[in-house]
Structures are given as C-alpha cells and as structure tokens.
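Written out below as structure tokens is the structure these notes cover.
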Amino acid sequence: MTHEGDCFLVPGPVRMSENCLQAMATPVMTARGPEFREVMAGLNSGLRHAFNLSPSSPSMKSESWSGEDGYKVVVVSGSGTAAMEMVIANRFRNNDLVLVATNGKFGERVAAICEQYCNVKHLKYEWGREFDLGEMELLLERRCYEAVLICHNETSTGITQDAEAIAEMCKRNETGFILDGITSVGGIPVHPAEWNAEAVVVGAQKCTAGPSGIAAIAVNSHFIDRVQTIAKQGDGNPRYYLDLIAALKKGDDDQTPWTPAINLAMGWSAALENLKHETNEGRWNRCQKLASGVRKLFTDLGFTLLADHGQRSNTVTAIMYPDGIDDSWRSTLKSTYNTQVIGAQDHLKGKMFRVGSMGETPVSEMVEGCNRMLACFRELGHDLPEVDVASYFA
Ligand SMILES: Cc1ncc(COP(=O)(O)O)c(C=O)c1O
C-alpha cells in the first residue's frame, strides 16, 4: 500500500483519526448530565486499557475509573505538564526529598516541577546517555528519598529508560516510583502494577492519538493514602485547580471538579477505542517496527543516532544531521516534500532532527516519509545511495 498526501511524522501532537475528529464535533452537552457521565465512563475505561491496568466497564455508575488492581485513573483538563504538576504538587510536602534522574529536556522539566514543591536531588546525565543505575542505587540505599521520578521515554533525545530495573531498585529500597509516561503509555510497554508505580502520567496527543490539551494520571492506593494524609494534616503544598482531593471526590460519579474539556474528552475516548481495537501489544509492535526500520535505515546510510545503543526509543528517533546539513533541511522537507518531522531543543537545536513513530501512523506513511527525507537530503547535496526503503519496514 502506498501513502499519498502529507507525511506527518512528528513525536506529538500526532494525526487524529476520522472517528476522533468526528467525536469532537458532537453538539454541546452539559458537564453534569448523564450524557457526559457516559462519555467520562468510556474515557476512563479506555484509559485503564491504555495504562495497561485491570479492565473496567465503560458505563456510568460502574466506577469506571477504578479496578481490581487498586489503581484509579483521573482525567486532567490540561496538557501532560498539568497532569505531572498535579501528581507532584499533591504527593509531596515541601520538606520531602525526591530523586530525579534525567537525560533530556522533559526529564529536566520533571525536576523543575519538583523544585516548585519539594527538595530535589537531580542526577543530571548527558542528553541521550543511559542513567548510571549503580549511582542511583547507592543514593537510594540511604533511604532518605520519598520517591524516584523519571521521564520514562525521553522525547527530546529518543532514549527509553530501563523502567523495570529502576522499579526493582525502588522496591528494594522501599521508595516510591513515579513516571512521566507521556510518550510511552500506548506506544511501548508500561506495567504500572508490576512496577509498583505510584503514579504514571499520559498526554492524549502522543501515543494514544487523541487531541492536545487533555491528559490523565493513573495512581495506586498508596499514592492516594499519602495524598489524603497530607491533606488531612494540612501541611501540603498550595494548589487549587490541580487539587487531587477534589478530583478524587468526583471520580465515583464519573465527574470532574471543574468544567471538563468536554469535546476533547469525546475525541480522546474515540481514539482510545481505536487503541482497544488494535490492542496494546499490537500498537507496541507497530511502533517497534516503525522505529527499528528508521534506526536501521539511517544507521546503514551512515547517520548517527543520539541515544545510547541499548535503550533507543520505539516512539521517537533522534538523528544527527550529517556535515553540511542544517535545519533548513526541515523547511525544504516541509515545503517541497509535504513531510514534517521535528527539530531538536536547547543546545542540540539545528544539530539533529527527530522522527516520531507513535499513534496510528501506518507503515506506508513511514516508508513514504523516509523516501522523501532521503530525496530531500540528496537535493541539498548530501550524497546517498539508492536503497529499498520499504524493505526496512517489511
Ligand atoms: C516526555 C514528555 N513529557 C512531557 C511533555 C510535555 O507535555 P505537554 O506538552 O503535553 O504538556 C512532553 C511533550 O512533548 C513529552 O514528550
């Protein structure tokens, strides 16, 4: 199958499917009536599936947000950063100490949010390099950290952390584990219950192919106990819109404390239906197929990937520009080849580009997109041999 039209290979926001766009065009409904409560129940059930949690019914009045595994999902009207801030602001007191390991922009953002609400030991590794797990374990053995926080899939550098090993380390040292799963949930394996993760955050516009501006968190019973204890003792951090206690009170009624992002919720619920249909394993496998094809194609052609070899992401690949090529390549790619990828952030700006392989992107679009990328490099004077691009994605 060939792909026509534009190729949109950006690591979020990703293209939304027709049923997601149609769902958002539903005429207005009230925020508190049964129609929206049905929407919320469907969304909660779809989220539990995406988070890889035990299932729940998509019908209202059935505690769709909770399940046998003790986790609850809470929808946040705001982007992924709002959901991450909600987790941190509610879970920690300002004298708590947390450990944040980072190797890119979004991990550093997790550390920056924590700095607003508690004390932080920031283990700042070079962008794209693996964490030093030995160094982390030595720190955790001191037993002075409330939790370890990581950005599971670092979109800025294309590296996926070894969450399983970090989870085991946290269990051994009786320390909480919290993940920014904004570009992992729905794209690569995430196992909140097995990892004993206290909280995982997802943003709709990434691997679940929903609209921008809505996000969700999955929290376990220990997390909820801590939040409630802190709230009762009255020594928590200041918060209002992102008060988790207010959200928890509304959960059983398929409601949110404030006017929710109604039409975005409808769109996201429809997108999550597509994920249910594909299955988590099916989507993880497709993302892996797309990303491994991109990795092999570009390395065979002599390009350098930023991330350490053993932990390259299946939802985003960061590729260094060859000598003589700069970010004007992306402008030409967009204007002449109708194809979009994204550039780099901060000190890597202009030095590399990133290819997203998340959401509902079909293999045919990735094949076409890669053919156009190679043609664009050739047009700008970078000599490349002719290759059978499709064979990398077979
Ligand atoms: C891993 C990760 N964390 C956090 C964010 C920020 O999310 P948002 O822009 O939805 O607030 C992003 C956005 O690209 C991301 O990729």
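Just so we're on the same page: first chain in the structure tokens is A, next is B, and so on; residues restart at 1 for each chain, and ligands are numbered from 1 in the order they show up.
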Near-ligand residues for ligand 1, threshold 7 Å, only C-alpha atoms and all ligand atoms, as an mmCIF file with N, CA and C atoms, in the first residue's frame:
data_model
loop_
_atom_site.group_PDB
_atom_site.id
_atom_site.type_symbol
_atom_site.label_atom_id
_atom_site.label_comp_id
_atom_site.auth_asym_id
_atom_site.auth_seq_id
_atom_site.Cartn_x
_atom_site.Cartn_y
_atom_site.Cartn_z
ATOM 1 N N GLY A 12 4.378 13.898 18.397
ATOM 2 C CA GLY A 12 3.253 14.506 19.113
ATOM 3 C C GLY A 12 3.309 16.015 19.062
ATOM 4 N N SER A 79 -2.650 19.985 29.509
ATOM 5 C CA SER A 79 -1.717 19.110 28.794
ATOM 6 C C SER A 79 -0.960 18.231 29.791
ATOM 7 N N GLY A 80 -0.056 17.426 29.283
ATOM 8 C CA GLY A 80 0.683 16.495 30.124
ATOM 9 C C GLY A 80 1.412 17.177 31.277
ATOM 10 N N THR A 81 1.908 18.366 31.053
ATOM 11 C CA THR A 81 2.638 19.085 32.109
ATOM 12 C C THR A 81 1.723 19.370 33.297
ATOM 13 N N ALA A 82 0.464 19.714 33.041
ATOM 14 C CA ALA A 82 -0.501 19.963 34.126
ATOM 15 C C ALA A 82 -0.699 18.688 34.940
ATOM 16 N N PHE A 106 12.688 16.753 28.868
ATOM 17 C CA PHE A 106 11.451 16.518 29.621
ATOM 18 C C PHE A 106 11.722 15.966 31.011
ATOM 19 N N CYS A 151 11.404 10.623 33.531
ATOM 20 C CA CYS A 151 10.680 10.711 32.271
ATOM 21 C C CYS A 151 10.965 9.383 31.576
ATOM 22 N N ASN A 153 10.085 7.865 28.710
ATOM 23 C CA ASN A 153 10.544 7.898 27.313
ATOM 24 C C ASN A 153 10.897 9.349 26.987
ATOM 25 N N GLU A 154 12.181 9.613 26.878
ATOM 26 C CA GLU A 154 12.654 10.999 26.744
ATOM 27 C C GLU A 154 12.527 11.440 25.288
ATOM 28 N N THR A 155 11.461 12.162 25.000
ATOM 29 C CA THR A 155 11.141 12.547 23.622
ATOM 30 C C THR A 155 12.198 13.476 23.017
ATOM 31 N N SER A 156 12.895 14.234 23.860
ATOM 32 C CA SER A 156 13.860 15.201 23.325
ATOM 33 C C SER A 156 15.120 14.525 22.797
ATOM 34 N N ASP A 180 6.760 10.007 34.241
ATOM 35 C CA ASP A 180 6.184 10.750 33.129
ATOM 36 C C ASP A 180 6.139 9.738 31.983
ATOM 37 N N GLY A 181 4.915 9.248 31.703
ATOM 38 C CA GLY A 181 4.760 8.255 30.628
ATOM 39 C C GLY A 181 4.116 8.897 29.407
ATOM 40 N N ILE A 182 4.379 10.195 29.246
ATOM 41 C CA ILE A 182 3.658 10.978 28.226
ATOM 42 C C ILE A 182 3.892 10.461 26.814
ATOM 43 N N THR A 183 5.114 9.977 26.515
ATOM 44 C CA THR A 183 5.318 9.362 25.186
ATOM 45 C C THR A 183 5.669 7.878 25.297
ATOM 46 N N GLY A 203 -0.266 11.957 28.150
ATOM 47 C CA GLY A 203 -0.877 13.085 27.440
ATOM 48 C C GLY A 203 -1.597 12.531 26.211
ATOM 49 N N SER A 212 -4.810 17.455 21.635
ATOM 50 C CA SER A 212 -3.932 18.166 22.590
ATOM 51 C C SER A 212 -4.778 18.871 23.638
ATOM 52 N N GLY A 213 -4.245 18.982 24.846
ATOM 53 C CA GLY A 213 -4.914 19.780 25.880
ATOM 54 C C GLY A 213 -5.678 18.966 26.899
#
Item checked: Shell around Tyr71 (chain A) at 9 Å using only C-alpha atoms, local window under 3 positions removed, as JSON, numbers by chain -> {"A": [48, 53, 54, 65, 66, 67, 68, 192, 193, 198, 199, 218, 219, 220, 221]}
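Nearest residue to Asp253 (chain A) among A:Gly5, A:Gly267, A:Gly33, A:Pro11 is A:Gly33, counting only C-alpha atoms.
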Next item on the list: Just the residues within 7 Å of Ile319 (chain A), please, counting only C-alpha atoms, with nothing from its chain fewer than 6 positions along; format it as number ranges by chain.
Entry: A: 303-306, 352-354
Next item on the list: Apply DSSP to the structure's backbone, then extract all residues of region 107-288 of chain A labelled strand (DSSP E or B) and return them as a PyMOL selection string.
Entry: chain A and resi 119-124+147-151+153-154+159-160+176-180+199-203+215-219
Store the residues picked out above, limited to N, CA and C atoms, as a PDB file, in the first residue's frame.
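This is the output file out05.pdb:
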ATOM      1  N   ASN A 119      12.070  19.128  47.900  1.00  0.00           N
ATOM      2  CA  ASN A 119      13.528  19.156  47.712  1.00  0.00           C
ATOM      3  C   ASN A 119      13.923  18.092  46.683  1.00  0.00           C
ATOM      4  N   VAL A 120      14.912  18.431  45.869  1.00  0.00           N
ATOM      5  CA  VAL A 120      15.240  17.554  44.743  1.00  0.00           C
ATOM      6  C   VAL A 120      16.726  17.235  44.708  1.00  0.00           C
ATOM      7  N   LYS A 121      17.043  15.953  44.598  1.00  0.00           N
ATOM      8  CA  LYS A 121      18.402  15.554  44.207  1.00  0.00           C
ATOM      9  C   LYS A 121      18.312  15.244  42.716  1.00  0.00           C
ATOM     10  N   HIS A 122      18.927  16.104  41.906  1.00  0.00           N
ATOM     11  CA  HIS A 122      18.813  15.977  40.452  1.00  0.00           C
ATOM     12  C   HIS A 122      20.066  15.305  39.899  1.00  0.00           C
ATOM     13  N   LEU A 123      19.909  14.068  39.441  1.00  0.00           N
ATOM     14  CA  LEU A 123      21.023  13.369  38.798  1.00  0.00           C
ATOM     15  C   LEU A 123      20.944  13.674  37.314  1.00  0.00           C
ATOM     16  N   LYS A 124      21.759  14.632  36.903  1.00  0.00           N
ATOM     17  CA  LYS A 124      21.628  15.154  35.539  1.00  0.00           C
ATOM     18  C   LYS A 124      22.658  14.498  34.623  1.00  0.00           C
ATOM     19  N   ALA A 147      10.600   9.360  46.828  1.00  0.00           N
ATOM     20  CA  ALA A 147      10.283   8.744  45.532  1.00  0.00           C
ATOM     21  C   ALA A 147      11.383   9.034  44.520  1.00  0.00           C
ATOM     22  N   VAL A 148      11.433   8.164  43.505  1.00  0.00           N
ATOM     23  CA  VAL A 148      12.246   8.410  42.311  1.00  0.00           C
ATOM     24  C   VAL A 148      11.280   8.835  41.214  1.00  0.00           C
ATOM     25  N   LEU A 149      11.613   9.902  40.498  1.00  0.00           N
ATOM     26  CA  LEU A 149      10.794  10.332  39.365  1.00  0.00           C
ATOM     27  C   LEU A 149      11.651  10.315  38.103  1.00  0.00           C
ATOM     28  N   ILE A 150      11.062   9.778  37.031  1.00  0.00           N
ATOM     29  CA  ILE A 150      11.781   9.786  35.744  1.00  0.00           C
ATOM     30  C   ILE A 150      10.826  10.143  34.611  1.00  0.00           C
ATOM     31  N   CYS A 151      11.404  10.623  33.531  1.00  0.00           N
ATOM     32  CA  CYS A 151      10.680  10.711  32.271  1.00  0.00           C
ATOM     33  C   CYS A 151      10.965   9.383  31.576  1.00  0.00           C
ATOM     34  N   ASN A 153      10.085   7.865  28.710  1.00  0.00           N
ATOM     35  CA  ASN A 153      10.544   7.898  27.313  1.00  0.00           C
ATOM     36  C   ASN A 153      10.897   9.349  26.987  1.00  0.00           C
ATOM     37  N   GLU A 154      12.181   9.613  26.878  1.00  0.00           N
ATOM     38  CA  GLU A 154      12.654  10.999  26.744  1.00  0.00           C
ATOM     39  C   GLU A 154      12.527  11.440  25.288  1.00  0.00           C
ATOM     40  N   ILE A 159      15.520   8.402  23.974  1.00  0.00           N
ATOM     41  CA  ILE A 159      16.002   7.298  24.822  1.00  0.00           C
ATOM     42  C   ILE A 159      14.866   6.853  25.744  1.00  0.00           C
ATOM     43  N   THR A 160      14.756   5.538  25.931  1.00  0.00           N
ATOM     44  CA  THR A 160      13.767   4.978  26.872  1.00  0.00           C
ATOM     45  C   THR A 160      14.532   4.457  28.083  1.00  0.00           C
ATOM     46  N   GLY A 176       9.113   5.242  46.577  1.00  0.00           N
ATOM     47  CA  GLY A 176       8.068   5.388  45.564  1.00  0.00           C
ATOM     48  C   GLY A 176       8.665   5.553  44.169  1.00  0.00           C
ATOM     49  N   PHE A 177       7.854   5.250  43.147  1.00  0.00           N
ATOM     50  CA  PHE A 177       8.324   5.338  41.754  1.00  0.00           C
ATOM     51  C   PHE A 177       7.235   6.036  40.939  1.00  0.00           C
ATOM     52  N   ILE A 178       7.611   7.140  40.287  1.00  0.00           N
ATOM     53  CA  ILE A 178       6.637   7.946  39.533  1.00  0.00           C
ATOM     54  C   ILE A 178       7.192   8.187  38.127  1.00  0.00           C
ATOM     55  N   LEU A 179       6.341   7.987  37.135  1.00  0.00           N
ATOM     56  CA  LEU A 179       6.815   8.117  35.742  1.00  0.00           C
ATOM     57  C   LEU A 179       6.023   9.147  34.946  1.00  0.00           C
ATOM     58  N   ASP A 180       6.760  10.007  34.241  1.00  0.00           N
ATOM     59  CA  ASP A 180       6.184  10.750  33.129  1.00  0.00           C
ATOM     60  C   ASP A 180       6.139   9.738  31.983  1.00  0.00           C
ATOM     61  N   ALA A 199       2.480   6.467  40.473  1.00  0.00           N
ATOM     62  CA  ALA A 199       1.738   7.314  39.532  1.00  0.00           C
ATOM     63  C   ALA A 199       2.401   7.273  38.162  1.00  0.00           C
ATOM     64  N   VAL A 200       1.551   7.259  37.133  1.00  0.00           N
ATOM     65  CA  VAL A 200       2.018   7.347  35.738  1.00  0.00           C
ATOM     66  C   VAL A 200       1.154   8.399  35.050  1.00  0.00           C
ATOM     67  N   VAL A 201       1.800   9.230  34.226  1.00  0.00           N
ATOM     68  CA  VAL A 201       1.085  10.319  33.528  1.00  0.00           C
ATOM     69  C   VAL A 201       1.094  10.062  32.024  1.00  0.00           C
ATOM     70  N   VAL A 202      -0.035  10.352  31.366  1.00  0.00           N
ATOM     71  CA  VAL A 202      -0.074  10.274  29.900  1.00  0.00           C
ATOM     72  C   VAL A 202      -0.702  11.549  29.336  1.00  0.00           C
ATOM     73  N   GLY A 203      -0.266  11.957  28.150  1.00  0.00           N
ATOM     74  CA  GLY A 203      -0.877  13.085  27.440  1.00  0.00           C
ATOM     75  C   GLY A 203      -1.597  12.531  26.211  1.00  0.00           C
ATOM     76  N   ALA A 215      -5.145  15.267  29.462  1.00  0.00           N
ATOM     77  CA  ALA A 215      -4.153  14.305  29.939  1.00  0.00           C
ATOM     78  C   ALA A 215      -4.784  13.473  31.044  1.00  0.00           C
ATOM     79  N   ALA A 216      -4.044  12.505  31.548  1.00  0.00           N
ATOM     80  CA  ALA A 216      -4.589  11.674  32.635  1.00  0.00           C
ATOM     81  C   ALA A 216      -3.462  11.130  33.487  1.00  0.00           C
ATOM     82  N   ILE A 217      -3.838  10.758  34.718  1.00  0.00           N
ATOM     83  CA  ILE A 217      -2.878  10.101  35.598  1.00  0.00           C
ATOM     84  C   ILE A 217      -3.476   8.780  36.083  1.00  0.00           C
ATOM     85  N   ALA A 218      -2.614   7.826  36.326  1.00  0.00           N
ATOM     86  CA  ALA A 218      -3.024   6.577  36.983  1.00  0.00           C
ATOM     87  C   ALA A 218      -2.279   6.552  38.311  1.00  0.00           C
ATOM     88  N   VAL A 219      -3.025   6.364  39.397  1.00  0.00           N
ATOM     89  CA  VAL A 219      -2.383   6.399  40.727  1.00  0.00           C
ATOM     90  C   VAL A 219      -2.784   5.161  41.532  1.00  0.00           C
TER      91      VAL A 219
END
Margin query: Applying 10 Å and only C-alpha atoms, which residues near Gln116 (chain A) remain after dropping the ones on its own chain fewer than 3 positions away? List them as a PyMOL selection string.
Written below: chain A and resi 85+88-89+94+111-113+119-120+237
Next item on the list: From region 92-186 of chain A, collect each residue whose DSSP state is alpha helix (DSSP H) and return the set as number ranges by chain.
Entry: A: 105-117, 133-140, 163-172
Writer output for current selection, N, CA and C atoms, as a CSV table (one decimal), in the first residue's frame:
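Full text of again.csv as output:
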chain,number,residue,atom,x,y,z
A,105,LYS,N,15.4,17.0,27.9
A,105,LYS,CA,14.6,18.2,28.2
A,105,LYS,C,13.4,17.9,29.2
A,106,PHE,N,12.7,16.8,28.9
A,106,PHE,CA,11.5,16.5,29.6
A,106,PHE,C,11.7,16.0,31.0
A,107,GLY,N,12.8,15.2,31.2
A,107,GLY,CA,13.2,14.8,32.5
A,107,GLY,C,13.6,16.0,33.3
A,108,GLU,N,14.3,16.9,32.7
A,108,GLU,CA,14.7,18.2,33.4
A,108,GLU,C,13.5,19.0,33.8
A,109,ARG,N,12.4,18.9,32.9
A,109,ARG,CA,11.2,19.6,33.3
A,109,ARG,C,10.6,18.9,34.6
A,110,VAL,N,10.6,17.6,34.6
A,110,VAL,CA,10.1,16.9,35.9
A,110,VAL,C,10.9,17.4,37.1
A,111,ALA,N,12.2,17.5,37.0
A,111,ALA,CA,13.0,18.1,38.1
A,111,ALA,C,12.6,19.5,38.4
A,112,ALA,N,12.3,20.3,37.4
A,112,ALA,CA,12.0,21.7,37.6
A,112,ALA,C,10.6,21.8,38.3
A,113,ILE,N,9.7,21.0,37.9
A,113,ILE,CA,8.4,21.0,38.6
A,113,ILE,C,8.6,20.6,40.1
A,114,CYS,N,9.3,19.5,40.3
A,114,CYS,CA,9.6,19.1,41.7
A,114,CYS,C,10.2,20.2,42.5
A,115,GLU,N,11.1,21.0,41.9
A,115,GLU,CA,11.7,22.1,42.6
A,115,GLU,C,10.7,23.1,43.2
A,116,GLN,N,9.5,23.2,42.5
A,116,GLN,CA,8.5,24.1,43.0
A,116,GLN,C,7.8,23.6,44.3
A,117,TYR,N,7.9,22.3,44.5
A,117,TYR,CA,7.0,21.7,45.5
A,117,TYR,C,7.8,20.9,46.6
A,133,LEU,N,22.8,3.3,36.8
A,133,LEU,CA,21.9,2.7,37.8
A,133,LEU,C,22.6,2.4,39.1
A,134,GLY,N,23.9,2.2,39.1
A,134,GLY,CA,24.7,1.9,40.3
A,134,GLY,C,24.7,3.2,41.1
A,135,GLU,N,24.9,4.3,40.5
A,135,GLU,CA,24.9,5.6,41.3
A,135,GLU,C,23.5,5.8,41.9
A,136,MET,N,22.4,5.5,41.2
A,136,MET,CA,21.1,5.7,41.7
A,136,MET,C,20.9,4.8,42.9
A,137,GLU,N,21.3,3.5,42.8
A,137,GLU,CA,21.1,2.6,43.9
A,137,GLU,C,21.8,3.0,45.1
A,138,LEU,N,23.1,3.5,45.0
A,138,LEU,CA,23.8,4.0,46.2
A,138,LEU,C,23.1,5.1,46.9
A,139,LEU,N,22.5,6.0,46.1
A,139,LEU,CA,21.7,7.0,46.7
A,139,LEU,C,20.5,6.5,47.4
A,140,LEU,N,19.8,5.6,46.8
A,140,LEU,CA,18.5,5.1,47.4
A,140,LEU,C,18.8,4.3,48.6
A,163,ALA,N,12.9,1.1,32.9
A,163,ALA,CA,11.9,1.3,34.0
A,163,ALA,C,11.8,0.1,34.8
A,164,GLU,N,12.0,-1.1,34.3
A,164,GLU,CA,11.9,-2.3,35.0
A,164,GLU,C,13.0,-2.4,36.1
A,165,ALA,N,14.2,-2.1,35.7
A,165,ALA,CA,15.3,-2.1,36.6
A,165,ALA,C,15.2,-1.0,37.7
A,166,ILE,N,14.7,0.1,37.3
A,166,ILE,CA,14.5,1.2,38.3
A,166,ILE,C,13.4,0.9,39.3
A,167,ALA,N,12.3,0.2,38.7
A,167,ALA,CA,11.2,-0.2,39.6
A,167,ALA,C,11.7,-1.2,40.6
A,168,GLU,N,12.6,-2.2,40.2
A,168,GLU,CA,13.1,-3.1,41.2
A,168,GLU,C,13.9,-2.5,42.2
A,169,MET,N,14.7,-1.5,41.8
A,169,MET,CA,15.6,-0.7,42.7
A,169,MET,C,14.7,0.0,43.8
A,170,CYS,N,13.6,0.6,43.3
A,170,CYS,CA,12.7,1.3,44.2
A,170,CYS,C,12.1,0.3,45.2
A,171,LYS,N,11.7,-0.9,44.7
A,171,LYS,CA,11.1,-1.8,45.6
A,171,LYS,C,12.1,-2.3,46.6
A,172,ARG,N,13.3,-2.6,46.2
A,172,ARG,CA,14.4,-3.0,47.2
A,172,ARG,C,14.6,-2.0,48.2
Next item on the list: List the neighbours of region 327-344 of chain A out to 9 Å using only C-alpha atoms; skip same-chain residues closer than 6 positions along the sequence, and give me the result as a ChimeraX atom specification.
Entry: /A:5-11,156-157,318,321,350-356,369,372-373,375-377,380
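Proximity to Asn90 (chain A) at 7 Å, evaluated using only C-alpha atoms and with sequence-adjacent residues fewer than 6 positions away removed, yields Val227, Asn237, Asp243 and Leu244 of chain A.
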Take the selection from the previous step and output its residues with C-alpha atoms, as a short mmCIF file (atom, residue, chain, number, x, y, z; two decimals), in the first residue's frame.
data_model
loop_
_atom_site.label_atom_id
_atom_site.label_comp_id
_atom_site.auth_asym_id
_atom_site.auth_seq_id
_atom_site.Cartn_x
_atom_site.Cartn_y
_atom_site.Cartn_z
CA VAL A 227 -2.21 12.48 49.31
CA ASN A 237 1.66 22.42 49.02
CA ASP A 243 -6.19 19.65 43.86
CA LEU A 244 -6.33 15.86 43.65
#
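Residues in contact with Asn44 (chain A) at up to 9 Å, not including ones fewer than 4 positions away on its chain and judged by only C-alpha atoms, are Val39, Met40, Arg48, His49, Ser56, Ser57, Pro58, Ser64, Trp65, Ser66, Val73, Val74, Val75, Asp254 and Ser269 of chain A.
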Selected residues written out, C-alpha atoms, as a short mmCIF file (atom, residue, chain, number, x, y, z; two decimals), in the first residue's frame:
data_model
loop_
_atom_site.label_atom_id
_atom_site.label_comp_id
_atom_site.auth_asym_id
_atom_site.auth_seq_id
_atom_site.Cartn_x
_atom_site.Cartn_y
_atom_site.Cartn_z
CA VAL A 39 -18.50 9.92 27.93
CA MET A 40 -16.33 10.01 31.06
CA ARG A 48 -7.37 1.91 32.02
CA HIS A 49 -6.68 -0.19 28.94
CA SER A 56 -13.38 -1.55 33.95
CA SER A 57 -16.84 -1.14 32.46
CA PRO A 58 -17.35 1.81 30.09
CA SER A 64 -15.18 3.03 35.52
CA TRP A 65 -12.11 4.88 36.87
CA SER A 66 -11.08 2.07 39.26
CA VAL A 73 -7.37 6.96 36.62
CA VAL A 74 -8.02 10.69 36.84
CA VAL A 75 -8.58 12.84 33.73
CA ASP A 254 -17.90 9.91 36.54
CA SER A 269 -12.42 8.36 24.13
#
Note to self: Between CA of Thr279 (chain A) and CA of Ala390 (chain A), what distance in Å does the model show, to one decimal?
What the structure shows: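 Taking CA of Thr279 (chain A) as the start and CA of Ala390 (chain A) as the end point, the length is 24.5 Å.
Closest approach to Leu374 (chain A) from the set A:Ser313, A:Gly186, A:Leu297, A:Leu348 is made by A:Leu297, with distances taken over only C-alpha atoms.
CA of Ser17 (chain A) lies 14.6 Å from CA of Ala265 (chain A).
With only C-alpha atoms as the atoms that count, the minimum distance from Met60 (chain A) to the choices A:Asn285, A:Asn314, A:Thr208, A:Gln255 is reached by A:Gln255.
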